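Visitor: First the structure, which I've put down as structure tokens, then a few questions once you've had a look.
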Amino acid sequence: MKKYILDLTVLSVQQIHERYVLVKLTSDDALPDMLPGQFVEVRVDGSNTTFLRRPISIHFVDYQQNELWLLVACIGDGTKAIGALKSGDVLNCVLPLGHGFTIASDNRKCLLVGGGVGVAPLLYLGAELKRQGVEPTFLLGARTGKDLLMLDEFRKYGRVMVTTEDGSRGEKGFVTNHSVLEQEQFDFIQTCGPTPMMKAVARFARQKGVDCEASLENLMACGLGACLCCVEKTTEGNLCVCKEGPVFNIKRLLWQD
């Protein structure tokens, strides 16, 4: 898939949580094709401590409105600078990067499991699944109820179930504790979030014999497979998550614990 370096215009930056902002971008030209699970590398201007681009998951693409949405966790100088952008500012992005999720087009019963900012790529994935006639179930986890993000947007594309570690919303515990996993049979599981969560989801999928993909969040720098910062050990040797992933079928990963 062709890569682009584009100056995108900031439409809005919405504070949706004390740590997260939703950045909406547009272009004078039609946005290029992007797949769920792919990401962009954002150049951070105006920060004296951020020299490398920041990898951000594609949260949603609205081709009718010509909008690209990024869900950004503002935890470092670079991402805080992105969160401080204003409407009309320009954000230079390299996109689309990496390999995305498989889009099921049959009657497979799909479960999309996310936690933290890892829920970001699952919204666009859910929208594309629904466009293919597959209505997914979202299982989203967070520490507390106030940490659950964008639930109303997820509900547009499928059933939404939640867990919180403190029990303030949904079922108490981790996503792998949710009762739906024992009550229903799924054909395909796709997940993104903290590595321990994804490993637990992968373990559950292996036990149930369910096909499963995981989007890894290894540290990245170049986004093109040149710097080797994001190497992951796989059944095929060391692979760059940015170039060969970030989405992998768990059969390719050495996640046996």
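Going by the structure tokens order, chains are called A, B, ..., each with residues numbered from 1, while ligands are numbered from 1 in the order shown.
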Give me, as a Markdown table, the closest atom pair and its distance (Å, one decimal) for every residue of stretch 33-64 of chain A within a cut-off of 12 Å of stretch 3-8 of chain A, counting only C-alpha atoms, rows sorted by chain and rising number.
Guide:
| residue | atom | partner | partner_atom | distance |
| --- | --- | --- | --- | --- |
| A:Asp33 | CA | A:Lys3 | CA | 9.9 |
| A:Met34 | CA | A:Lys3 | CA | 10.0 |
| A:Gln38 | CA | A:Lys3 | CA | 11.5 |
| A:Phe39 | CA | A:Lys3 | CA | 11.2 |
| A:Val40 | CA | A:Ile5 | CA | 9.7 |
| A:Glu41 | CA | A:Ile5 | CA | 9.3 |
| A:Val42 | CA | A:Ile5 | CA | 9.7 |
| A:Arg43 | CA | A:Asp7 | CA | 9.9 |
Visitor: Of the residues A:Ser27, A:Asn218, A:Gln15, A:Thr164, which is the one nearest to A:Ile82, using only C-alpha atoms?
Guide: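 Ranked by minimum distance to A:Ile82, first place goes to A:Gln15.
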Visitor: Could you state the separation of atom CA of A:Gly145 and atom CA of A:Ser168 in Å, given to one decimal place?
Guide: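 For atom CA of A:Gly145 relative to atom CA of A:Ser168, the distance reads 5.4 Å.
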Visitor: Show me, as a VMD selection string, the residues that have an atom within 12 Å of A:Glu135 when counting only C-alpha atoms, minus same-chain residues fewer than 3 positions from it.
Guide: chain A and resid 103 to 112 125 to 132 138 154 to 160
Visitor: If I take atom CA of A:Phe51 and atom CA of A:Gly76, how far is one from the other in Å, to one decimal?
Guide: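 Here the two named atoms are 12.5 Å from each other.
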Visitor: Please tabulate, as JSON lines, the residues of stretch 18-58 of chain A that come within 12 Å of stretch 246-257 of chain A, each with its closest pair of atoms and the distance in Å to one decimal, counting only C-alpha atoms and ordering rows by chain, then residue number upward.
Guide:
{"residue": "A:Leu35", "atom": "CA", "partner": "A:Val247", "partner_atom": "CA", "distance": 11.3}
{"residue": "A:Pro36", "atom": "CA", "partner": "A:Val247", "partner_atom": "CA", "distance": 9.7}
{"residue": "A:Gly37", "atom": "CA", "partner": "A:Val247", "partner_atom": "CA", "distance": 6.6}
{"residue": "A:Gln38", "atom": "CA", "partner": "A:Pro246", "partner_atom": "CA", "distance": 7.4}
{"residue": "A:Phe39", "atom": "CA", "partner": "A:Pro246", "partner_atom": "CA", "distance": 8.6}
{"residue": "A:Val40", "atom": "CA", "partner": "A:Pro246", "partner_atom": "CA", "distance": 11.7}
{"residue": "A:Pro55", "atom": "CA", "partner": "A:Pro246", "partner_atom": "CA", "distance": 11.0}
{"residue": "A:Ile56", "atom": "CA", "partner": "A:Pro246", "partner_atom": "CA", "distance": 11.5}
{"residue": "A:Ser57", "atom": "CA", "partner": "A:Pro246", "partner_atom": "CA", "distance": 9.8}
{"residue": "A:Ile58", "atom": "CA", "partner": "A:Pro246", "partner_atom": "CA", "distance": 11.9}
Visitor: Could you pull the residues within 12 Å of A:Leu149, counting only C-alpha atoms, minus those fewer than 4 positions along the same chain, as a PyMOL selection string?
Guide: chain A and resi 15-22+59+71-73+114-120+122-123+140-145+153-155+160+162
Visitor: Write down as a count of residues only the residues of stretch 22-96 of chain A whose backbone DSSP state falls under strand (DSSP E).
Guide: 32
Visitor: Would you tabulate, counting only C-alpha atoms, all residues of stretch 170-245 of chain A that have an atom at most 12 Å from an atom of stretch 88-95 of chain A, showing the closest pair of atoms and their distance in Å to one decimal, sorted by chain then ascending number, as JSON lines?
Guide:
{"residue": "A:Cys222", "atom": "CA", "partner": "A:Val94", "partner_atom": "CA", "distance": 10.2}
{"residue": "A:Gly223", "atom": "CA", "partner": "A:Val94", "partner_atom": "CA", "distance": 8.9}
{"residue": "A:Leu224", "atom": "CA", "partner": "A:Val94", "partner_atom": "CA", "distance": 10.0}
{"residue": "A:Cys242", "atom": "CA", "partner": "A:Leu95", "partner_atom": "CA", "distance": 11.9}
Visitor: Going by DSSP on the backbone, which bits of stretch 21-209 of chain A are helix (DSSP H, G or I)? Write them as a PyMOL selection string, please.
Guide: chain A and resi 77-83+116-131+145-147+151-155+175-177+180-183+195-208
Visitor: What is the atom CA of A:Tyr63 to atom CA of A:Gly100 distance in Å?
Guide: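 Those two atoms sit 17.8 Å apart.
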Visitor: List the neighbours of A:Leu181 out to 10 Å using only C-alpha atoms; skip same-chain residues closer than 3 positions along the sequence, and give me the result as a list in words.
Guide: Leu111, Leu139, Val175, Thr176, Asn177, His178, Glu184, Gln185, Phe186, Phe204, Ala205 and Lys208 of chain A
Visitor: Would you export the selected residues with C-alpha atoms as a CSV table (one decimal), in the first residue's frame, please?
Guide:
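Okay, out00.csv is ready:
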chain,number,residue,atom,x,y,z
A,111,LEU,CA,-15.2,-10.4,19.5
A,139,LEU,CA,-15.4,-6.1,25.2
A,175,VAL,CA,-11.7,-8.4,30.3
A,176,THR,CA,-10.9,-12.1,30.5
A,177,ASN,CA,-13.1,-12.3,33.6
A,178,HIS,CA,-16.2,-11.2,31.7
A,184,GLU,CA,-21.1,-17.5,24.2
A,185,GLN,CA,-18.9,-19.0,21.5
A,186,PHE,CA,-17.0,-16.7,19.2
A,204,PHE,CA,-8.1,-17.9,26.3
A,205,ALA,CA,-8.3,-18.1,22.5
A,208,LYS,CA,-11.0,-22.4,23.1
Visitor: With distances taken over only C-alpha atoms, which residue among A:Leu219, A:Val113, A:Leu239, A:Cys74 lies nearest A:Ala202?
Guide: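 Among the listed residues, the smallest separation from A:Ala202 belongs to A:Val113.
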Visitor: Quick one: everything within 8 Å of A:Gly78, counting only C-alpha atoms, minus sequence neighbours fewer than 3 positions away in the same chain. Send it as a list in words.
Guide: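 Listing them by chain and then by number gives Val44, Ser47, Thr49, Thr50, Arg54, Cys74, Ala81 and Ile82 of chain A.
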Visitor: Limited to all heavy atoms, could you put the picked residues into a file as a compact mmCIF listing (two decimals), in the first residue's frame?
Guide:
# COMPACT_ATOMS: atom_id res chain seq x y z
N VAL A 44 6.16 15.95 15.51
CA VAL A 44 5.79 16.86 16.59
C VAL A 44 6.60 18.14 16.46
O VAL A 44 7.81 18.16 16.73
CB VAL A 44 6.01 16.21 17.97
CG1 VAL A 44 5.59 17.17 19.08
CG2 VAL A 44 5.24 14.90 18.07
N SER A 47 8.23 21.17 20.03
CA SER A 47 8.65 20.53 21.28
C SER A 47 10.17 20.40 21.26
O SER A 47 10.74 19.81 20.35
CB SER A 47 8.00 19.14 21.42
OG SER A 47 8.56 18.46 22.53
N THR A 49 12.00 18.66 23.19
CA THR A 49 12.47 17.36 23.68
C THR A 49 12.00 16.19 22.81
O THR A 49 12.29 15.04 23.12
CB THR A 49 11.98 17.13 25.11
OG1 THR A 49 10.55 17.16 25.13
CG2 THR A 49 12.53 18.19 26.05
N THR A 50 11.27 16.46 21.75
CA THR A 50 10.73 15.39 20.91
C THR A 50 11.34 15.49 19.52
O THR A 50 11.03 16.41 18.76
CB THR A 50 9.19 15.50 20.81
OG1 THR A 50 8.65 15.55 22.12
CG2 THR A 50 8.62 14.29 20.08
N ARG A 54 5.88 10.35 16.38
CA ARG A 54 5.15 9.53 17.33
C ARG A 54 4.15 8.64 16.58
O ARG A 54 3.37 9.13 15.77
CB ARG A 54 4.40 10.40 18.35
CG ARG A 54 5.33 11.10 19.34
CD ARG A 54 5.97 10.06 20.25
NE ARG A 54 6.89 10.63 21.24
CZ ARG A 54 8.19 10.77 21.06
NH1 ARG A 54 8.74 10.38 19.92
NH2 ARG A 54 8.96 11.26 22.01
N CYS A 74 -2.06 11.52 26.17
CA CYS A 74 -1.09 12.61 26.39
C CYS A 74 -0.27 12.31 27.64
O CYS A 74 -0.59 12.79 28.75
CB CYS A 74 -1.82 13.94 26.52
SG CYS A 74 -2.80 14.37 25.06
N ALA A 81 2.23 17.74 23.33
CA ALA A 81 2.27 18.80 22.31
C ALA A 81 1.18 18.57 21.27
O ALA A 81 0.56 19.53 20.78
CB ALA A 81 3.66 18.82 21.64
N ILE A 82 0.92 17.31 20.93
CA ILE A 82 -0.18 17.03 20.00
C ILE A 82 -1.51 17.43 20.63
O ILE A 82 -2.37 18.02 19.98
CB ILE A 82 -0.17 15.52 19.63
CG1 ILE A 82 1.10 15.16 18.88
CG2 ILE A 82 -1.40 15.17 18.80
CD1 ILE A 82 1.29 13.66 18.67
